[in-house]
Amino acid sequence: MSPSMTREAALRIALAARELPAVGAASLVTAIVGRLGLPLTELRLAAMTVDDLREILAGDHADENCVVGVSADALKRAVRCLWGEGVSGSDLPPLDGLTGDAAPGSIRIACASNHDELLDGHFGSCERFLIYQVSPSDIRLIAVRPTLEADAAEDRNLSRAALIGDCQLGYFQSIGGPAAAKVVRAGVHPVKVAQGGEARAVLGRLQQALQTPPPWLAKVMGVTAASLTPFRELLEHGEAS
């Protein structure tokens, strides 16, 4: 993740954006950066006031409701999110970590997520990507990457693809054709899992395929493929794009 925004700050802004649906997460980031500068940290966000937020959203024409139609109560709730009240760690799953090099025969996977440790997001609109290192014997959550900064880029889908460019697979509830092409160009194989679910449960099915992987997956893992059958079984649950 870019050093211009900490993981916790990104979470706070994402939750604040939920209170300001007329503004949107990308616009909120731009507005806050314009006021606070970079990097965005928890300390800087803690200094925000309701008046600060009203002014940066409404410019020189701020009134008690803000020209973008945000009520005073919504502004207060958003500022409390920026302060971290009831937020810290509440919506980000704890990391399992990765000690040393990735385990032999493992693969790195990005899962589109909006809540906790769920695969419940679309590629182009999810709030974060959960990054897992999956081996035949282990599933480890090694990173959580918010998408706020990516959405502020001129080509948001290209920026989102770059955010997961160190992964071999991307699991999404949905992804459009043009976006999928950018993901593939980033070296990531997209897989649609329309029903979503608990990320670890979905990845558990992939673990079975890692036991005897198909040739393309074996090449990524650096092992010899023995059978295509497990991968076909995997695709009964998730449609490869």
# chains A, B, ... in the order shown; residues from 1 in each chain; ligands from 1
call {"tool": "residues_around", "arguments": {"residues": "Leu169 (chain A)", "least_positions_apart": "2", "cutoff": "6 Å", "atoms": "only C-alpha atoms", "output": "MDAnalysis selection string"}}
result
chainID A and resid 109 167 188:190
call {"tool": "residues_around", "arguments": {"residues": "region 30-46 of chain A", "least_positions_apart": "2", "cutoff": "9 Å", "atoms": "only C-alpha atoms", "output": "PyMOL selection string"}}
result
chain A and resi 3-10+12-13+25-28+48-49+52-53+56-57+79-80+82-84+152
call {"tool": "write_last_selection", "arguments": {"atoms": "N, CA, C and O atoms", "output": "compact mmCIF listing (two decimals), in the first residue's frame"}}
result
# COMPACT_ATOMS: atom_id res chain seq x y z
N PRO A 3 2.61 4.69 0.91
CA PRO A 3 2.89 5.30 2.20
C PRO A 3 2.14 6.61 2.42
O PRO A 3 2.22 7.19 3.47
N SER A 4 1.40 7.10 1.40
CA SER A 4 0.68 8.35 1.54
C SER A 4 -0.58 8.21 2.39
O SER A 4 -1.21 9.21 2.74
N MET A 5 -0.97 6.99 2.73
CA MET A 5 -2.14 6.77 3.58
C MET A 5 -1.93 5.50 4.39
O MET A 5 -1.64 4.44 3.83
N THR A 6 -2.08 5.59 5.70
CA THR A 6 -1.93 4.39 6.52
C THR A 6 -3.16 3.51 6.38
O THR A 6 -4.24 3.94 5.96
N ARG A 7 -3.00 2.25 6.73
CA ARG A 7 -4.10 1.29 6.65
C ARG A 7 -5.28 1.72 7.52
O ARG A 7 -6.44 1.67 7.10
N GLU A 8 -4.99 2.18 8.73
CA GLU A 8 -6.05 2.60 9.65
C GLU A 8 -6.74 3.86 9.14
O GLU A 8 -7.97 3.99 9.22
N ALA A 9 -5.96 4.81 8.57
CA ALA A 9 -6.56 6.04 8.04
C ALA A 9 -7.50 5.72 6.89
O ALA A 9 -8.58 6.31 6.75
N ALA A 10 -7.10 4.80 6.03
CA ALA A 10 -7.94 4.41 4.91
C ALA A 10 -9.26 3.82 5.40
O ALA A 10 -10.33 4.09 4.84
N ARG A 12 -10.75 4.49 8.29
CA ARG A 12 -11.56 5.57 8.86
C ARG A 12 -12.25 6.38 7.76
O ARG A 12 -13.43 6.73 7.88
N ILE A 13 -11.53 6.69 6.69
CA ILE A 13 -12.12 7.47 5.61
C ILE A 13 -13.20 6.68 4.90
O ILE A 13 -14.26 7.21 4.53
N ALA A 25 -16.34 8.15 -1.73
CA ALA A 25 -15.06 7.93 -1.08
C ALA A 25 -13.92 8.67 -1.78
O ALA A 25 -13.08 9.30 -1.13
N ALA A 26 -13.87 8.58 -3.12
CA ALA A 26 -12.77 9.21 -3.85
C ALA A 26 -12.78 10.73 -3.67
O ALA A 26 -11.74 11.35 -3.45
N SER A 27 -13.97 11.32 -3.73
CA SER A 27 -14.09 12.77 -3.55
C SER A 27 -13.73 13.17 -2.13
O SER A 27 -13.11 14.22 -1.90
N LEU A 28 -14.10 12.33 -1.18
CA LEU A 28 -13.77 12.64 0.22
C LEU A 28 -12.27 12.61 0.43
O LEU A 28 -11.71 13.47 1.12
N MET A 48 -9.44 16.74 12.66
CA MET A 48 -10.56 17.25 11.87
C MET A 48 -11.73 17.61 12.78
O MET A 48 -12.01 16.92 13.76
N THR A 49 -12.43 18.68 12.43
CA THR A 49 -13.64 19.09 13.15
C THR A 49 -14.82 19.07 12.18
O THR A 49 -14.65 18.96 10.96
N ASP A 52 -14.43 21.90 9.87
CA ASP A 52 -13.44 21.62 8.84
C ASP A 52 -14.06 20.81 7.71
O ASP A 52 -13.89 21.11 6.52
N LEU A 53 -14.79 19.76 8.09
CA LEU A 53 -15.37 18.88 7.08
C LEU A 53 -16.43 19.61 6.27
O LEU A 53 -16.50 19.47 5.04
N ILE A 56 -14.57 21.96 3.74
CA ILE A 56 -13.89 21.35 2.60
C ILE A 56 -14.87 20.70 1.63
O ILE A 56 -14.57 20.57 0.44
N LEU A 57 -16.06 20.36 2.12
CA LEU A 57 -17.06 19.79 1.23
C LEU A 57 -17.88 20.85 0.53
O LEU A 57 -18.37 20.65 -0.58
N VAL A 79 -17.23 12.67 11.07
CA VAL A 79 -16.05 13.15 11.79
C VAL A 79 -15.67 12.17 12.89
O VAL A 79 -14.48 11.91 13.12
N ARG A 80 -16.65 11.59 13.55
CA ARG A 80 -16.34 10.59 14.59
C ARG A 80 -15.63 9.38 13.97
O ARG A 80 -14.74 8.80 14.59
N LEU A 82 -13.68 9.59 11.33
CA LEU A 82 -12.33 10.07 11.05
C LEU A 82 -11.49 10.09 12.33
O LEU A 82 -10.27 9.85 12.28
N TRP A 83 -12.11 10.36 13.46
CA TRP A 83 -11.39 10.35 14.73
C TRP A 83 -11.05 8.93 15.17
O TRP A 83 -10.18 8.73 16.02
N GLY A 84 -11.78 7.96 14.65
CA GLY A 84 -11.52 6.57 15.03
C GLY A 84 -12.40 6.08 16.16
O GLY A 84 -12.15 5.00 16.71
N ALA A 152 -8.97 7.25 -6.62
CA ALA A 152 -8.68 8.65 -6.93
C ALA A 152 -7.85 8.79 -8.20
O ALA A 152 -7.64 9.90 -8.69
call {"tool": "residues_around", "arguments": {"residues": "Gln207 (chain A)", "least_positions_apart": "5", "cutoff": "12 Å", "atoms": "only C-alpha atoms", "output": "PDB file with C-alpha atoms, in the first residue's frame"}}
result
ATOM      1  CA  GLY A 105       3.904 -24.617  -3.376  1.00  0.00           C
ATOM      2  CA  SER A 106       1.814 -21.638  -2.258  1.00  0.00           C
ATOM      3  CA  ILE A 107      -0.070 -19.048  -4.276  1.00  0.00           C
ATOM      4  CA  ARG A 108      -1.097 -15.457  -3.483  1.00  0.00           C
ATOM      5  CA  ILE A 109      -4.754 -14.523  -3.914  1.00  0.00           C
ATOM      6  CA  TYR A 132      -4.009 -14.411   1.211  1.00  0.00           C
ATOM      7  CA  GLN A 133      -1.053 -16.750   0.882  1.00  0.00           C
ATOM      8  CA  VAL A 134      -2.549 -20.184   0.253  1.00  0.00           C
ATOM      9  CA  SER A 135      -0.646 -23.470   0.317  1.00  0.00           C
ATOM     10  CA  PRO A 136      -1.966 -27.041   0.333  1.00  0.00           C
ATOM     11  CA  SER A 137      -1.727 -26.998   4.126  1.00  0.00           C
ATOM     12  CA  ASP A 138      -2.304 -23.378   5.160  1.00  0.00           C
ATOM     13  CA  ILE A 139      -4.311 -20.197   4.465  1.00  0.00           C
ATOM     14  CA  ARG A 140      -2.790 -16.985   5.786  1.00  0.00           C
ATOM     15  CA  ARG A 200     -11.405 -18.773   3.897  1.00  0.00           C
ATOM     16  CA  ALA A 201     -14.187 -21.220   3.016  1.00  0.00           C
ATOM     17  CA  VAL A 202     -13.967 -20.245  -0.648  1.00  0.00           C
ATOM     18  CA  THR A 212      -2.782 -31.726  -7.905  1.00  0.00           C
ATOM     19  CA  PRO A 213      -2.815 -28.430  -9.813  1.00  0.00           C
ATOM     20  CA  LEU A 217      -1.339 -23.137 -11.806  1.00  0.00           C
ATOM     21  CA  PRO A 230      -9.338 -30.486  -9.086  1.00  0.00           C
ATOM     22  CA  PHE A 231      -9.280 -27.252 -11.064  1.00  0.00           C
ATOM     23  CA  GLU A 233     -14.061 -28.948  -9.599  1.00  0.00           C
ATOM     24  CA  LEU A 234     -12.991 -25.522  -8.401  1.00  0.00           C
TER      25      LEU A 234
END
call {"tool": "select_by_dssp", "arguments": {"residues": "region 47-220 of chain A", "states": "alpha helix (DSSP H)", "output": "PyMOL selection string"}}
result
chain A and resi 50-58+72-83+148-151+156-163+177-185+199-211+215-220
call {"tool": "closest_residue", "arguments": {"among": "A:Leu206, A:Ala218, A:Cys81, A:Ala110", "to": "Leu15 (chain A)", "atoms": "only C-alpha atoms"}}
result
A:Cys81
call {"tool": "closest_residue", "arguments": {"among": "A:Gly187, A:Pro178, A:Gly204, A:Pro94", "to": "Gly165 (chain A)", "atoms": "only C-alpha atoms"}}
result
A:Gly187
call {"tool": "atom_distance", "arguments": {"atom1": "CA of Cys126 (chain A)", "atom2": "CA of Pro214 (chain A)"}}
result
29.2 Å
call {"tool": "residues_around", "arguments": {"residues": "region 159-161 of chain A", "least_positions_apart": "6", "cutoff": "7 Å", "atoms": "only C-alpha atoms", "output": "mmCIF file with all heavy atoms, in the first residue's frame"}}
result
data_model
loop_
_atom_site.group_PDB
_atom_site.id
_atom_site.type_symbol
_atom_site.label_atom_id
_atom_site.label_comp_id
_atom_site.auth_asym_id
_atom_site.auth_seq_id
_atom_site.Cartn_x
_atom_site.Cartn_y
_atom_site.Cartn_z
ATOM 1 N N THR A 147 -8.961 0.407 -1.132
ATOM 2 C CA THR A 147 -8.944 0.847 -2.527
ATOM 3 C C THR A 147 -9.149 2.350 -2.686
ATOM 4 O O THR A 147 -9.282 2.838 -3.808
ATOM 5 C CB THR A 147 -10.037 0.113 -3.320
ATOM 6 O OG1 THR A 147 -11.303 0.325 -2.682
ATOM 7 C CG2 THR A 147 -9.756 -1.377 -3.373
ATOM 8 N N ALA A 150 -6.630 4.092 -4.948
ATOM 9 C CA ALA A 150 -6.779 3.620 -6.328
ATOM 10 C C ALA A 150 -7.942 4.317 -7.015
ATOM 11 O O ALA A 150 -7.874 4.651 -8.204
ATOM 12 C CB ALA A 150 -6.976 2.100 -6.341
ATOM 13 N N ALA A 153 -7.385 7.665 -8.763
ATOM 14 C CA ALA A 153 -6.561 7.698 -9.965
ATOM 15 C C ALA A 153 -7.419 7.964 -11.199
ATOM 16 O O ALA A 153 -8.634 7.758 -11.197
ATOM 17 C CB ALA A 153 -5.813 6.376 -10.133
ATOM 18 N N LYS A 182 -7.669 -5.707 -17.815
ATOM 19 C CA LYS A 182 -6.602 -4.985 -17.119
ATOM 20 C C LYS A 182 -6.015 -5.838 -15.992
ATOM 21 O O LYS A 182 -4.811 -5.780 -15.725
ATOM 22 C CB LYS A 182 -7.141 -3.662 -16.582
ATOM 23 C CG LYS A 182 -7.497 -2.682 -17.691
ATOM 24 C CD LYS A 182 -8.140 -1.406 -17.167
ATOM 25 C CE LYS A 182 -8.508 -0.500 -18.333
ATOM 26 N NZ LYS A 182 -9.160 0.751 -17.898
ATOM 27 N N VAL A 183 -6.861 -6.611 -15.336
ATOM 28 C CA VAL A 183 -6.380 -7.506 -14.285
ATOM 29 C C VAL A 183 -5.456 -8.562 -14.881
ATOM 30 O O VAL A 183 -4.388 -8.855 -14.333
ATOM 31 C CB VAL A 183 -7.575 -8.154 -13.561
ATOM 32 C CG1 VAL A 183 -7.109 -9.290 -12.661
ATOM 33 C CG2 VAL A 183 -8.328 -7.108 -12.728
ATOM 34 N N ALA A 186 -2.131 -7.275 -15.667
ATOM 35 C CA ALA A 186 -1.329 -7.089 -14.453
ATOM 36 C C ALA A 186 -0.755 -8.409 -13.952
ATOM 37 O O ALA A 186 -0.033 -8.428 -12.945
ATOM 38 C CB ALA A 186 -2.173 -6.440 -13.359
#
call {"tool": "closest_residue", "arguments": {"among": "A:Glu127, A:Asp73, A:Asp166, A:Asp155", "to": "His115 (chain A)", "atoms": "only C-alpha atoms"}}
result
A:Glu127
call {"tool": "select_by_dssp", "arguments": {"residues": "region 22-201 of chain A", "states": "strand (DSSP E or B)", "output": "PyMOL selection string"}}
result
chain A and resi 40+107-113+118-119+128-135+138-146+169-172+189-192+197-198
call {"tool": "decode", "arguments": {"residues": "region 165-189 of chain A", "atoms": "N, CA, C and O atoms", "output": "PDB file, in the first residue's frame"}}
result
ATOM      1  N   GLY A 165      -1.332  -6.568  -8.078  1.00  0.00           N
ATOM      2  CA  GLY A 165      -0.455  -7.098  -9.114  1.00  0.00           C
ATOM      3  C   GLY A 165       0.546  -8.134  -8.647  1.00  0.00           C
ATOM      4  O   GLY A 165       1.163  -8.801  -9.484  1.00  0.00           O
ATOM      5  N   ASP A 166       0.738  -8.276  -7.338  1.00  0.00           N
ATOM      6  CA  ASP A 166       1.657  -9.310  -6.831  1.00  0.00           C
ATOM      7  C   ASP A 166       0.945 -10.624  -6.552  1.00  0.00           C
ATOM      8  O   ASP A 166       1.542 -11.564  -6.019  1.00  0.00           O
ATOM      9  N   CYS A 167      -0.342 -10.693  -6.920  1.00  0.00           N
ATOM     10  CA  CYS A 167      -1.125 -11.913  -6.709  1.00  0.00           C
ATOM     11  C   CYS A 167      -1.230 -12.707  -8.008  1.00  0.00           C
ATOM     12  O   CYS A 167      -1.138 -12.148  -9.098  1.00  0.00           O
ATOM     13  N   GLN A 168      -1.442 -14.001  -7.878  1.00  0.00           N
ATOM     14  CA  GLN A 168      -1.632 -14.836  -9.056  1.00  0.00           C
ATOM     15  C   GLN A 168      -3.111 -14.993  -9.411  1.00  0.00           C
ATOM     16  O   GLN A 168      -3.461 -15.156 -10.577  1.00  0.00           O
ATOM     17  N   LEU A 169      -3.986 -14.940  -8.419  1.00  0.00           N
ATOM     18  CA  LEU A 169      -5.425 -15.070  -8.634  1.00  0.00           C
ATOM     19  C   LEU A 169      -6.155 -13.915  -7.963  1.00  0.00           C
ATOM     20  O   LEU A 169      -5.727 -13.417  -6.914  1.00  0.00           O
ATOM     21  N   GLY A 170      -7.278 -13.506  -8.567  1.00  0.00           N
ATOM     22  CA  GLY A 170      -8.163 -12.524  -7.960  1.00  0.00           C
ATOM     23  C   GLY A 170      -9.570 -13.083  -7.906  1.00  0.00           C
ATOM     24  O   GLY A 170     -10.105 -13.523  -8.935  1.00  0.00           O
ATOM     25  N   TYR A 171     -10.169 -13.109  -6.722  1.00  0.00           N
ATOM     26  CA  TYR A 171     -11.523 -13.630  -6.546  1.00  0.00           C
ATOM     27  C   TYR A 171     -12.474 -12.446  -6.348  1.00  0.00           C
ATOM     28  O   TYR A 171     -12.288 -11.630  -5.438  1.00  0.00           O
ATOM     29  N   PHE A 172     -13.519 -12.377  -7.189  1.00  0.00           N
ATOM     30  CA  PHE A 172     -14.463 -11.268  -7.140  1.00  0.00           C
ATOM     31  C   PHE A 172     -15.881 -11.815  -7.318  1.00  0.00           C
ATOM     32  O   PHE A 172     -16.086 -12.789  -8.051  1.00  0.00           O
ATOM     33  N   GLN A 173     -16.853 -11.160  -6.686  1.00  0.00           N
ATOM     34  CA  GLN A 173     -18.234 -11.535  -6.962  1.00  0.00           C
ATOM     35  C   GLN A 173     -18.608 -11.187  -8.395  1.00  0.00           C
ATOM     36  O   GLN A 173     -19.406 -11.875  -9.020  1.00  0.00           O
ATOM     37  N   SER A 174     -18.014 -10.125  -8.902  1.00  0.00           N
ATOM     38  CA  SER A 174     -18.289  -9.726 -10.275  1.00  0.00           C
ATOM     39  C   SER A 174     -17.135  -8.878 -10.780  1.00  0.00           C
ATOM     40  O   SER A 174     -16.461  -8.191 -10.003  1.00  0.00           O
ATOM     41  N   ILE A 175     -16.898  -8.933 -12.091  1.00  0.00           N
ATOM     42  CA  ILE A 175     -15.902  -8.081 -12.735  1.00  0.00           C
ATOM     43  C   ILE A 175     -16.273  -7.965 -14.202  1.00  0.00           C
ATOM     44  O   ILE A 175     -16.611  -8.965 -14.854  1.00  0.00           O
ATOM     45  N   GLY A 176     -16.259  -6.752 -14.734  1.00  0.00           N
ATOM     46  CA  GLY A 176     -16.608  -6.530 -16.130  1.00  0.00           C
ATOM     47  C   GLY A 176     -15.476  -6.920 -17.064  1.00  0.00           C
ATOM     48  O   GLY A 176     -14.319  -7.077 -16.648  1.00  0.00           O
ATOM     49  N   GLY A 177     -15.806  -7.063 -18.348  1.00  0.00           N
ATOM     50  CA  GLY A 177     -14.828  -7.476 -19.338  1.00  0.00           C
ATOM     51  C   GLY A 177     -13.618  -6.565 -19.448  1.00  0.00           C
ATOM     52  O   GLY A 177     -12.465  -7.037 -19.370  1.00  0.00           O
ATOM     53  N   PRO A 178     -13.804  -5.242 -19.624  1.00  0.00           N
ATOM     54  CA  PRO A 178     -12.653  -4.338 -19.724  1.00  0.00           C
ATOM     55  C   PRO A 178     -11.779  -4.361 -18.473  1.00  0.00           C
ATOM     56  O   PRO A 178     -10.549  -4.332 -18.562  1.00  0.00           O
ATOM     57  N   ALA A 179     -12.417  -4.421 -17.297  1.00  0.00           N
ATOM     58  CA  ALA A 179     -11.650  -4.477 -16.051  1.00  0.00           C
ATOM     59  C   ALA A 179     -10.893  -5.790 -15.957  1.00  0.00           C
ATOM     60  O   ALA A 179      -9.732  -5.826 -15.526  1.00  0.00           O
ATOM     61  N   ALA A 180     -11.520  -6.892 -16.365  1.00  0.00           N
ATOM     62  CA  ALA A 180     -10.860  -8.190 -16.320  1.00  0.00           C
ATOM     63  C   ALA A 180      -9.625  -8.203 -17.205  1.00  0.00           C
ATOM     64  O   ALA A 180      -8.602  -8.797 -16.852  1.00  0.00           O
ATOM     65  N   ALA A 181      -9.711  -7.527 -18.355  1.00  0.00           N
ATOM     66  CA  ALA A 181      -8.554  -7.460 -19.257  1.00  0.00           C
ATOM     67  C   ALA A 181      -7.383  -6.756 -18.583  1.00  0.00           C
ATOM     68  O   ALA A 181      -6.220  -7.161 -18.735  1.00  0.00           O
ATOM     69  N   LYS A 182      -7.669  -5.707 -17.815  1.00  0.00           N
ATOM     70  CA  LYS A 182      -6.602  -4.985 -17.119  1.00  0.00           C
ATOM     71  C   LYS A 182      -6.015  -5.838 -15.992  1.00  0.00           C
ATOM     72  O   LYS A 182      -4.811  -5.780 -15.725  1.00  0.00           O
ATOM     73  N   VAL A 183      -6.861  -6.611 -15.336  1.00  0.00           N
ATOM     74  CA  VAL A 183      -6.380  -7.506 -14.285  1.00  0.00           C
ATOM     75  C   VAL A 183      -5.456  -8.562 -14.881  1.00  0.00           C
ATOM     76  O   VAL A 183      -4.388  -8.855 -14.333  1.00  0.00           O
ATOM     77  N   VAL A 184      -5.852  -9.116 -16.020  1.00  0.00           N
ATOM     78  CA  VAL A 184      -5.024 -10.126 -16.680  1.00  0.00           C
ATOM     79  C   VAL A 184      -3.685  -9.529 -17.098  1.00  0.00           C
ATOM     80  O   VAL A 184      -2.628 -10.152 -16.929  1.00  0.00           O
ATOM     81  N   ARG A 185      -3.710  -8.300 -17.627  1.00  0.00           N
ATOM     82  CA  ARG A 185      -2.456  -7.653 -18.039  1.00  0.00           C
ATOM     83  C   ARG A 185      -1.548  -7.395 -16.852  1.00  0.00           C
ATOM     84  O   ARG A 185      -0.329  -7.308 -16.995  1.00  0.00           O
ATOM     85  N   ALA A 186      -2.131  -7.275 -15.667  1.00  0.00           N
ATOM     86  CA  ALA A 186      -1.329  -7.089 -14.453  1.00  0.00           C
ATOM     87  C   ALA A 186      -0.755  -8.409 -13.952  1.00  0.00           C
ATOM     88  O   ALA A 186      -0.033  -8.428 -12.945  1.00  0.00           O
ATOM     89  N   GLY A 187      -1.069  -9.513 -14.646  1.00  0.00           N
ATOM     90  CA  GLY A 187      -0.534 -10.813 -14.263  1.00  0.00           C
ATOM     91  C   GLY A 187      -1.402 -11.575 -13.289  1.00  0.00           C
ATOM     92  O   GLY A 187      -0.951 -12.538 -12.669  1.00  0.00           O
ATOM     93  N   VAL A 188      -2.665 -11.153 -13.140  1.00  0.00           N
ATOM     94  CA  VAL A 188      -3.580 -11.777 -12.188  1.00  0.00           C
ATOM     95  C   VAL A 188      -4.693 -12.483 -12.954  1.00  0.00           C
ATOM     96  O   VAL A 188      -5.287 -11.907 -13.869  1.00  0.00           O
ATOM     97  N   HIS A 189      -4.988 -13.729 -12.586  1.00  0.00           N
ATOM     98  CA  HIS A 189      -6.061 -14.490 -13.233  1.00  0.00           C
ATOM     99  C   HIS A 189      -7.363 -14.256 -12.470  1.00  0.00           C
ATOM    100  O   HIS A 189      -7.474 -14.634 -11.306  1.00  0.00           O
TER     101      HIS A 189
END
